[in-house]
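Coordinates as given in run_12.cif (mmCIF, C-alpha atoms):
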```
data_entry
#
loop_
_atom_site.label_atom_id
_atom_site.label_comp_id
_atom_site.auth_asym_id
_atom_site.auth_seq_id
_atom_site.Cartn_x
_atom_site.Cartn_y
_atom_site.Cartn_z
CA MET A 1 3.04 7.47 8.90
CA ARG A 2 2.48 10.57 6.81
CA LEU A 3 5.66 11.99 5.29
CA GLY A 4 6.47 15.07 3.29
CA VAL A 5 9.11 14.70 0.60
CA LEU A 6 10.65 17.94 -0.64
CA ASP A 7 12.63 17.55 -3.87
CA VAL A 8 14.75 20.55 -4.93
CA GLY A 9 15.70 19.80 -8.52
CA SER A 10 17.35 21.86 -11.22
CA ASN A 11 13.98 22.60 -12.84
CA THR A 12 11.25 21.94 -10.30
CA VAL A 13 10.83 22.17 -6.54
CA HIS A 14 8.20 19.63 -5.48
CA LEU A 15 6.54 18.81 -2.18
CA LEU A 16 4.90 15.39 -2.17
CA VAL A 17 2.90 14.24 0.85
CA VAL A 18 2.52 10.47 1.15
CA ASP A 19 1.05 7.94 3.52
CA ALA A 20 3.61 5.18 3.92
CA HIS A 21 4.69 2.35 6.14
CA ARG A 22 7.27 -0.37 5.95
CA GLY A 23 6.41 -3.00 3.35
CA ALA A 24 3.74 -0.90 1.60
CA ALA A 25 3.66 1.25 -1.50
CA PRO A 26 3.74 5.00 -0.69
CA LEU A 27 0.27 6.43 -1.28
CA PRO A 28 0.30 10.04 -2.57
CA ALA A 29 -1.97 12.32 -0.55
CA TYR A 30 -1.02 15.81 -1.71
CA SER A 31 1.30 17.46 -4.23
CA HIS A 32 2.54 21.02 -4.57
CA LYS A 33 5.26 22.14 -6.98
CA THR A 34 6.65 25.06 -8.92
CA GLU A 35 9.08 25.38 -11.82
CA LEU A 36 11.69 27.34 -9.87
CA ARG A 37 14.43 26.66 -12.47
CA LEU A 38 17.17 27.05 -9.91
CA ALA A 39 19.87 26.19 -12.46
CA GLU A 40 18.90 29.24 -14.52
CA HIS A 41 19.42 31.61 -11.57
CA LEU A 42 23.18 31.42 -11.81
CA GLU A 43 25.84 34.10 -11.92
CA LYS A 44 28.75 33.96 -14.37
CA ASP A 45 30.92 32.09 -11.85
CA GLY A 46 28.24 29.43 -11.36
CA LYS A 47 27.01 30.72 -8.01
CA ILE A 48 23.28 30.73 -7.30
CA ALA A 49 22.10 34.32 -7.61
CA LYS A 50 20.30 36.08 -4.77
CA GLU A 51 16.98 35.98 -6.65
CA GLY A 52 17.22 32.19 -6.99
CA ALA A 53 18.13 31.75 -3.33
CA ASP A 54 15.29 34.08 -2.29
CA ARG A 55 12.76 32.10 -4.31
CA LEU A 56 14.08 28.81 -2.94
CA VAL A 57 13.80 30.00 0.66
CA SER A 58 10.27 31.26 0.00
CA PHE A 59 9.12 27.94 -1.48
CA VAL A 60 10.75 25.80 1.21
CA LYS A 61 9.09 27.93 3.90
CA GLU A 62 5.74 27.52 2.14
CA ALA A 63 6.30 23.77 1.72
CA ALA A 64 7.14 23.35 5.41
CA GLU A 65 3.91 25.10 6.39
CA LEU A 66 1.90 22.98 3.97
CA ALA A 67 3.50 19.78 5.27
CA GLU A 68 2.50 20.76 8.80
CA ASP A 69 -1.03 21.61 7.66
CA LYS A 70 -1.32 18.18 6.01
CA GLY A 71 -0.24 16.41 9.19
CA CYS A 72 3.21 15.21 8.14
CA GLU A 73 5.19 13.53 10.89
CA SER A 74 8.43 14.61 9.23
CA VAL A 75 9.78 16.06 6.00
CA LEU A 76 12.50 14.39 3.94
CA ALA A 77 14.12 17.25 2.04
CA PHE A 78 16.83 16.78 -0.56
CA ALA A 79 18.52 18.65 -3.40
CA THR A 80 20.27 17.46 -6.54
CA SER A 81 22.74 18.83 -9.08
CA ALA A 82 21.91 22.56 -9.03
CA LEU A 83 22.86 22.94 -5.36
CA ARG A 84 25.44 20.16 -5.49
CA GLU A 85 27.52 21.97 -8.10
CA ALA A 86 27.08 25.63 -7.13
CA PRO A 87 30.21 27.15 -5.52
CA ASN A 88 27.98 28.86 -2.94
CA GLY A 89 25.73 25.82 -2.48
CA GLU A 90 26.71 25.39 1.18
CA LYS A 91 25.85 29.01 1.96
CA VAL A 92 22.46 28.67 0.26
CA LEU A 93 21.78 25.47 2.18
CA GLU A 94 22.66 27.17 5.46
CA ARG A 95 20.38 30.07 4.63
CA VAL A 96 17.52 27.70 3.84
CA ARG A 97 18.08 25.87 7.14
CA SER A 98 18.33 29.01 9.26
CA GLU A 99 15.32 30.78 7.70
CA THR A 100 12.97 27.82 7.30
CA GLY A 101 14.16 25.20 9.80
CA VAL A 102 14.38 22.65 6.98
CA PRO A 103 17.76 20.94 6.46
CA LEU A 104 18.28 20.01 2.81
CA ASP A 105 20.30 16.86 2.19
CA VAL A 106 22.36 17.17 -1.00
CA LEU A 107 22.42 13.85 -2.82
CA SER A 108 25.39 12.78 -4.87
CA GLY A 109 24.74 11.79 -8.47
CA GLN A 110 25.51 8.18 -7.56
CA ASP A 111 22.94 8.30 -4.75
CA GLU A 112 20.36 9.70 -7.16
CA ALA A 113 20.97 6.77 -9.50
CA ARG A 114 20.94 4.25 -6.65
CA LEU A 115 17.70 5.49 -5.07
CA THR A 116 15.93 5.76 -8.43
CA PHE A 117 16.98 2.19 -9.16
CA LEU A 118 15.48 1.06 -5.83
CA ALA A 119 12.15 2.67 -6.73
CA VAL A 120 12.08 1.02 -10.14
CA ARG A 121 12.99 -2.38 -8.67
CA ARG A 122 10.16 -2.15 -6.15
CA TRP A 123 7.68 -1.03 -8.83
CA PHE A 124 8.42 -3.82 -11.31
CA GLY A 125 9.52 -6.51 -8.84
CA TRP A 126 11.98 -9.36 -8.86
CA SER A 127 10.51 -10.99 -11.95
CA SER A 128 12.13 -8.20 -14.00
CA GLY A 129 15.53 -9.81 -13.50
CA ARG A 130 18.48 -7.64 -14.46
CA LEU A 131 17.38 -3.97 -14.71
CA ALA A 132 18.86 -0.98 -16.47
CA VAL A 133 17.42 2.38 -15.39
CA PHE A 134 17.82 5.77 -17.11
CA ASP A 135 16.75 9.10 -15.60
CA ILE A 136 17.17 12.42 -17.43
CA GLY A 137 17.09 15.31 -14.98
CA GLY A 138 17.60 19.02 -15.47
CA GLY A 139 21.30 18.92 -14.64
CA SER A 140 22.38 15.31 -15.03
CA LEU A 141 21.62 11.88 -16.44
CA GLU A 142 21.61 8.99 -14.00
CA ILE A 143 22.13 5.39 -15.13
CA ALA A 144 22.01 2.31 -12.90
CA ALA A 145 22.00 -1.41 -13.61
CA GLY A 146 21.95 -4.66 -11.68
CA SER A 147 20.01 -7.70 -10.53
CA ASP A 148 19.37 -6.75 -6.87
CA GLU A 149 17.84 -3.82 -5.00
CA GLU A 150 21.27 -2.21 -4.84
CA PRO A 151 22.54 -1.66 -8.39
CA THR A 152 25.80 -3.23 -9.48
CA VAL A 153 26.72 0.08 -11.12
CA ALA A 154 25.29 3.58 -10.57
CA VAL A 155 26.67 6.55 -12.48
CA SER A 156 25.81 10.19 -13.07
CA VAL A 157 26.92 12.24 -16.07
CA PRO A 158 26.34 15.97 -16.73
CA LEU A 159 23.82 15.39 -19.50
CA GLY A 160 20.67 16.92 -18.03
CA ALA A 161 18.20 18.41 -20.50
CA GLY A 162 18.28 21.87 -18.92
CA ARG A 163 22.07 22.02 -18.67
CA LEU A 164 22.58 20.96 -22.30
CA THR A 165 20.01 23.45 -23.56
CA ARG A 166 21.60 26.37 -21.68
CA GLU A 167 25.13 25.44 -22.71
CA SER A 168 24.62 24.31 -26.31
CA LEU A 169 21.36 25.44 -27.92
CA THR A 170 21.10 29.20 -28.39
CA ALA A 171 18.48 29.53 -31.15
CA ASP A 172 14.76 28.80 -31.31
CA PRO A 173 14.31 26.56 -33.26
CA PRO A 174 17.78 25.11 -32.61
CA ASP A 175 20.54 25.73 -35.14
CA LYS A 176 21.39 22.53 -37.04
CA ASP A 177 25.13 22.91 -36.44
CA GLU A 178 24.55 23.34 -32.70
CA VAL A 179 22.33 20.25 -32.71
CA LYS A 180 25.04 18.27 -34.53
CA ALA A 181 27.71 19.37 -32.05
CA LEU A 182 25.46 18.61 -29.09
CA ARG A 183 24.65 15.16 -30.45
CA LYS A 184 28.37 14.39 -30.63
CA ARG A 185 29.01 15.73 -27.11
CA ILE A 186 26.22 13.61 -25.64
CA ARG A 187 27.44 10.43 -27.28
CA VAL A 188 31.08 10.96 -26.32
CA GLU A 189 30.23 11.60 -22.66
CA MET A 190 27.74 8.74 -22.47
CA ALA A 191 30.08 6.30 -24.19
CA ALA A 192 32.70 7.03 -21.51
CA VAL A 193 30.51 5.33 -18.89
CA ALA A 194 28.74 2.80 -21.12
CA GLY A 195 31.37 0.12 -20.59
CA ASP A 196 30.92 0.16 -16.81
CA VAL A 197 27.15 -0.21 -17.20
CA LEU A 198 27.32 -2.91 -19.86
CA ARG A 199 29.62 -5.00 -17.67
CA ALA A 200 26.62 -5.50 -15.39
CA GLY A 201 25.17 -7.63 -18.19
CA LYS A 202 22.50 -7.11 -20.82
CA PRO A 203 19.31 -5.96 -19.07
CA GLN A 204 16.23 -8.13 -19.11
CA ARG A 205 14.19 -4.98 -18.55
CA ALA A 206 15.21 -1.44 -19.56
CA VAL A 207 13.35 1.36 -17.83
CA ALA A 208 13.11 5.15 -18.07
CA THR A 209 11.97 7.60 -15.42
CA SER A 210 11.65 11.41 -15.30
CA LYS A 211 9.44 14.06 -16.87
CA THR A 212 11.55 14.18 -20.04
CA PHE A 213 11.04 10.51 -20.81
CA ARG A 214 7.34 10.70 -19.90
CA SER A 215 6.87 13.65 -22.27
CA LEU A 216 8.68 11.89 -25.12
CA ALA A 217 6.65 8.72 -24.57
CA ARG A 218 3.40 10.72 -24.58
CA ILE A 219 4.35 12.48 -27.83
CA CYS A 220 5.11 9.07 -29.35
CA GLY A 221 1.67 7.72 -28.42
CA ALA A 222 1.78 6.56 -24.79
CA ALA A 223 -1.33 6.91 -22.64
CA PRO A 224 -1.95 10.31 -20.98
CA SER A 225 -1.19 10.73 -17.29
CA ASP A 226 -4.87 11.01 -16.35
CA GLU A 227 -5.32 7.31 -17.17
CA GLY A 228 -3.35 6.54 -14.02
CA PRO A 229 0.04 5.04 -13.10
CA TYR A 230 -0.85 1.39 -13.76
CA VAL A 231 -1.30 1.76 -17.53
CA PRO A 232 1.82 0.34 -19.25
CA ARG A 233 3.78 3.03 -21.09
CA SER A 234 6.91 2.80 -23.20
CA LEU A 235 9.11 4.78 -25.54
CA ASP A 236 10.11 2.99 -28.74
CA ARG A 237 13.26 4.15 -30.49
CA ASP A 238 11.68 3.91 -33.95
CA ASP A 239 8.98 6.36 -32.85
CA LEU A 240 11.55 8.65 -31.25
CA LEU A 241 13.64 8.68 -34.45
CA GLU A 242 10.53 9.64 -36.39
CA TRP A 243 9.75 12.51 -34.02
CA LEU A 244 13.27 13.84 -33.40
CA PRO A 245 13.66 15.81 -36.68
CA LYS A 246 10.19 17.28 -36.16
CA LEU A 247 11.03 18.42 -32.63
CA ILE A 248 14.25 20.04 -33.86
CA LYS A 249 12.35 22.08 -36.47
CA MET A 250 9.74 23.32 -33.96
CA THR A 251 9.96 26.40 -31.79
CA ALA A 252 9.62 25.98 -28.02
CA ALA A 253 6.11 27.45 -28.25
CA GLU A 254 5.12 24.86 -30.87
CA ARG A 255 6.53 22.02 -28.76
CA ALA A 256 4.51 23.27 -25.79
CA GLU A 257 1.35 22.51 -27.80
CA LEU A 258 2.25 18.81 -27.99
CA PRO A 259 0.56 16.37 -25.58
CA GLY A 260 2.43 15.89 -22.31
CA VAL A 261 4.77 18.86 -22.81
CA SER A 262 4.62 21.79 -20.38
CA PRO A 263 5.55 25.32 -21.54
CA GLY A 264 8.25 25.45 -18.88
CA ARG A 265 10.06 22.40 -20.26
CA SER A 266 9.39 22.68 -23.99
CA SER A 267 12.69 24.46 -24.66
CA GLN A 268 14.58 21.51 -23.14
CA LEU A 269 12.85 18.78 -25.10
CA VAL A 270 15.27 18.64 -28.04
CA ALA A 271 18.27 18.14 -25.75
CA GLY A 272 16.33 15.55 -23.75
CA ALA A 273 15.35 13.71 -26.93
CA LEU A 274 18.99 13.63 -28.09
CA VAL A 275 20.01 12.11 -24.74
CA ALA A 276 17.22 9.53 -24.91
CA ASP A 277 18.17 8.60 -28.48
CA ALA A 278 21.84 8.23 -27.55
CA ALA A 279 21.01 6.04 -24.54
CA MET A 280 18.84 3.70 -26.58
CA ASP A 281 21.42 3.52 -29.37
CA LEU A 282 24.58 3.05 -27.27
CA PHE A 283 22.93 0.49 -25.00
CA ASP A 284 21.20 -1.27 -27.93
CA LEU A 285 17.66 -0.79 -26.62
CA ALA A 286 14.70 -0.87 -28.99
CA SER A 287 12.34 0.31 -26.27
CA LEU A 288 12.27 1.72 -22.75
CA GLU A 289 9.42 1.08 -20.33
CA VAL A 290 8.34 4.17 -18.42
CA CYS A 291 8.15 3.82 -14.64
CA PRO A 292 5.94 6.21 -12.63
CA TRP A 293 8.22 5.88 -9.60
CA ALA A 294 11.57 7.63 -9.49
CA LEU A 295 13.90 9.42 -7.07
CA ARG A 296 11.25 10.73 -4.64
CA GLU A 297 9.78 7.27 -4.18
CA GLY A 298 13.27 5.83 -3.77
CA VAL A 299 13.96 8.29 -0.94
CA ILE A 300 10.70 7.30 0.77
CA LEU A 301 11.30 3.57 0.39
CA SER A 302 14.84 3.87 1.71
CA ARG A 303 13.54 5.76 4.76
CA MET A 304 10.86 3.13 5.40
CA ASP A 305 13.45 0.36 5.17
CA GLN A 306 15.41 2.00 7.99
CA LEU A 307 12.46 1.94 10.38
CA GLN A 308 12.09 -0.90 12.87
CA PRO A 309 8.94 -2.94 12.29
CA ARG A 310 6.25 -2.26 14.88
#
```
Rewrite the structure from the file as structure tokens, please.
Amino acid sequence: MRLGVLDVGSNTVHLLVVDAHRGAAPLPAYSHKTELRLAEHLEKDGKIAKEGADRLVSFVKEAAELAEDKGCESVLAFATSALREAPNGEKVLERVRSETGVPLDVLSGQDEARLTFLAVRRWFGWSSGRLAVFDIGGGSLEIAAGSDEEPTVAVSVPLGAGRLTRESLTADPPDKDEVKALRKRIRVEMAAVAGDVLRAGKPQRAVATSKTFRSLARICGAAPSDEGPYVPRSLDRDDLLEWLPKLIKMTAAERAELPGVSPGRSSQLVAGALVADAAMDLFDLASLEVCPWALREGVILSRMDQLQPR
């Protein structure tokens, strides 16, 4: 069957059209996305501003039309932390549904971690043994670990690269005192959940997903995306530690000139790098393998698993 998957994230809104059936890898057929930056269209009380809601409705309407044009049997539409945390999130969701006909399912942070873990497990397979999976989003960091397809532990902490940048880094390049304070905040909040994750046992394979990790890996020497998803990619902590002070000294415009870094995300890269460094340090990981599958693929695979075999 051909499915549309509409992912409303804190940074990007992405329609992915895939050909999929039970027991097979989803095959991408079409992709359309925009950096909507929903989390930046917030009022002082945290509500999504009218401009942000207008832009979201416009994109969802466009995505629904594109999905129909591409022959999608159905559209799986979901939203993450930006809508999950907004005080007027329910009203925005109702407006999207009434004006576009598309119901958005708001995932909990735990569900994000669980579904991303499923995608990583299917990508690497059972031979990977005990997995630990890290995903840096715009609003939150998801961590999951375990030996099965359902993780033993799945947690979400408010350490997304976009959130931390908005809340903690006001200068360009970042002020050194702000960087120091942010580094401490990240490590305190991550350490609070580290014990629960570590109780699942030391991972035999540690994996990273998300644009932030892919960008950091590319900067540190990983293969470019145009070489395809099957090229092994990883992020080594030694390389990250070498690059981190350089990234801090750069302006957002200078970071946007680096390989694998888009202008829309360059301002968030320092915060993302601090989160990645903390994760690798606190969980004693010398390297993280980069997985091309993440939350969207997890949503698709979960849906396929629910279908009765023909």
One residue among A:Pro224, A:Gly160, A:Gly4, A:Gly71 is nearest to Gly138 of chain A when using all atoms listed in the file, and that residue is A:Gly160
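The set of protein, DNA and RNA residues with any counted atom at most 10 Å from (20.8, 23.8, -29.2) (all atoms listed in the file) reads A:Leu164, A:Thr165, A:Arg166, A:Glu167, A:Ser168, A:Leu169, A:Thr170, A:Ala171, A:Asp172, A:Pro173, A:Pro174, A:Asp175, A:Lys176, A:Asp177, A:Glu178, A:Val179, A:Lys180, A:Ala181, A:Leu182, A:Arg183, A:Ile248, A:Ser267, A:Gln268, A:Val270, A:Ala271.
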Need to verify the contact set: Glu68 of chain A, 12 Å, only C-alpha atoms, exclusion of same-chain residues closer than 6 positions in sequence. Can you return it as a ChimeraX atom specification?
/A:2-4,15,17,61-62,74-75
Give me, as a PyMOL selection string, all polymer residues having an atom no more than 8 Å from Val133 of chain A, counting only C-alpha atoms and skipping those fewer than 3 positions away in the same chain.
chain A and resi 116-117+120+142-145+206-209
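Of the listed residues A:Trp123, A:Phe78, A:Tyr230, A:Phe59, the one whose atoms come nearest to Val5 of chain A is A:Phe78, with distances taken using only C-alpha atoms.
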Residues selected by the PyMOL selection byres ((chain A and resi 286) around 8), written as a list in words:
Asp236, Arg237, Asp238, Met280, Asp284, Leu285, Ser287 and Leu288 of chain A
Closest contacts (segment 113-148 of chain A/segment 35-44 of chain A, max 12 Å, only C-alpha atoms) as JSON lines:
```
{"residue": "A:Gly137", "atom": "CA", "partner": "A:Ala39", "partner_atom": "CA", "distance": 11.5}
{"residue": "A:Gly138", "atom": "CA", "partner": "A:Ala39", "partner_atom": "CA", "distance": 8.1}
{"residue": "A:Gly139", "atom": "CA", "partner": "A:Ala39", "partner_atom": "CA", "distance": 7.7}
{"residue": "A:Ser140", "atom": "CA", "partner": "A:Ala39", "partner_atom": "CA", "distance": 11.5}
```
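Closest approach to Arg296 of chain A among A:Ala63, A:Leu107, A:Ala24, A:Ala200 is made by A:Leu107 (distances from all atoms listed in the file).
Relative to atom CA of Arg199 of chain A, atom CA of Ser156 of chain A is found at 16.3 Å.
Considering all atoms listed in the file, the residue among A:Val60, A:Val261, A:Ala217, A:Ala194 positioned nearest to Trp243 of chain A is A:Ala217.
Here the question is which of A:His32, A:Arg97, A:Leu115, A:Thr12 gets nearest to Ser302 of chain A using only C-alpha atoms, and that residue is A:Leu115.
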Model the absent atoms of segment 112-125 of chain A so that N, CA, C and O atoms are present, and write the result as a PDB file, in the coordinates of the input.
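That gives us out-v3.pdb:
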```
ATOM      1  N   GLU A 112      21.565   9.509  -6.342  1.00  0.00           N
ATOM      2  CA  GLU A 112      20.360   9.700  -7.160  1.00  0.00           C
ATOM      3  C   GLU A 112      20.090   8.450  -8.002  1.00  0.00           C
ATOM      4  O   GLU A 112      18.960   7.951  -8.050  1.00  0.00           O
ATOM      5  N   ALA A 113      21.128   7.954  -8.655  1.00  0.00           N
ATOM      6  CA  ALA A 113      20.970   6.770  -9.500  1.00  0.00           C
ATOM      7  C   ALA A 113      20.575   5.556  -8.665  1.00  0.00           C
ATOM      8  O   ALA A 113      19.702   4.772  -9.051  1.00  0.00           O
ATOM      9  N   ARG A 114      21.194   5.408  -7.505  1.00  0.00           N
ATOM     10  CA  ARG A 114      20.940   4.250  -6.650  1.00  0.00           C
ATOM     11  C   ARG A 114      19.509   4.248  -6.108  1.00  0.00           C
ATOM     12  O   ARG A 114      18.826   3.215  -6.116  1.00  0.00           O
ATOM     13  N   LEU A 115      19.037   5.405  -5.652  1.00  0.00           N
ATOM     14  CA  LEU A 115      17.700   5.490  -5.070  1.00  0.00           C
ATOM     15  C   LEU A 115      16.613   5.373  -6.146  1.00  0.00           C
ATOM     16  O   LEU A 115      15.549   4.793  -5.908  1.00  0.00           O
ATOM     17  N   THR A 116      16.877   5.924  -7.323  1.00  0.00           N
ATOM     18  CA  THR A 116      15.930   5.760  -8.430  1.00  0.00           C
ATOM     19  C   THR A 116      15.830   4.289  -8.821  1.00  0.00           C
ATOM     20  O   THR A 116      14.742   3.767  -9.084  1.00  0.00           O
ATOM     21  N   PHE A 117      16.969   3.615  -8.839  1.00  0.00           N
ATOM     22  CA  PHE A 117      16.980   2.190  -9.160  1.00  0.00           C
ATOM     23  C   PHE A 117      16.146   1.401  -8.153  1.00  0.00           C
ATOM     24  O   PHE A 117      15.386   0.500  -8.529  1.00  0.00           O
ATOM     25  N   LEU A 118      16.277   1.729  -6.868  1.00  0.00           N
ATOM     26  CA  LEU A 118      15.480   1.060  -5.830  1.00  0.00           C
ATOM     27  C   LEU A 118      13.990   1.210  -6.106  1.00  0.00           C
ATOM     28  O   LEU A 118      13.228   0.244  -6.004  1.00  0.00           O
ATOM     29  N   ALA A 119      13.569   2.438  -6.455  1.00  0.00           N
ATOM     30  CA  ALA A 119      12.150   2.670  -6.730  1.00  0.00           C
ATOM     31  C   ALA A 119      11.668   1.842  -7.912  1.00  0.00           C
ATOM     32  O   ALA A 119      10.579   1.245  -7.868  1.00  0.00           O
ATOM     33  N   VAL A 120      12.472   1.788  -8.961  1.00  0.00           N
ATOM     34  CA  VAL A 120      12.080   1.020 -10.140  1.00  0.00           C
ATOM     35  C   VAL A 120      12.026  -0.474  -9.827  1.00  0.00           C
ATOM     36  O   VAL A 120      11.104  -1.187 -10.245  1.00  0.00           O
ATOM     37  N   ARG A 121      13.003  -0.962  -9.062  1.00  0.00           N
ATOM     38  CA  ARG A 121      12.990  -2.380  -8.670  1.00  0.00           C
ATOM     39  C   ARG A 121      11.726  -2.721  -7.890  1.00  0.00           C
ATOM     40  O   ARG A 121      11.072  -3.737  -8.150  1.00  0.00           O
ATOM     41  N   ARG A 122      11.350  -1.868  -6.950  1.00  0.00           N
ATOM     42  CA  ARG A 122      10.160  -2.150  -6.150  1.00  0.00           C
ATOM     43  C   ARG A 122       8.887  -2.065  -7.018  1.00  0.00           C
ATOM     44  O   ARG A 122       7.928  -2.794  -6.781  1.00  0.00           O
ATOM     45  N   TRP A 123       8.875  -1.162  -7.990  1.00  0.00           N
ATOM     46  CA  TRP A 123       7.680  -1.030  -8.830  1.00  0.00           C
ATOM     47  C   TRP A 123       7.492  -2.268  -9.708  1.00  0.00           C
ATOM     48  O   TRP A 123       6.415  -2.837  -9.781  1.00  0.00           O
ATOM     49  N   PHE A 124       8.555  -2.714 -10.370  1.00  0.00           N
ATOM     50  CA  PHE A 124       8.420  -3.820 -11.310  1.00  0.00           C
ATOM     51  C   PHE A 124       8.636  -5.195 -10.673  1.00  0.00           C
ATOM     52  O   PHE A 124       8.175  -6.196 -11.203  1.00  0.00           O
ATOM     53  N   GLY A 125       9.370  -5.241  -9.553  1.00  0.00           N
ATOM     54  CA  GLY A 125       9.520  -6.510  -8.840  1.00  0.00           C
ATOM     55  C   GLY A 125      10.677  -7.365  -9.319  1.00  0.00           C
ATOM     56  O   GLY A 125      11.366  -7.070 -10.294  1.00  0.00           O
TER      57      GLY A 125
END
```
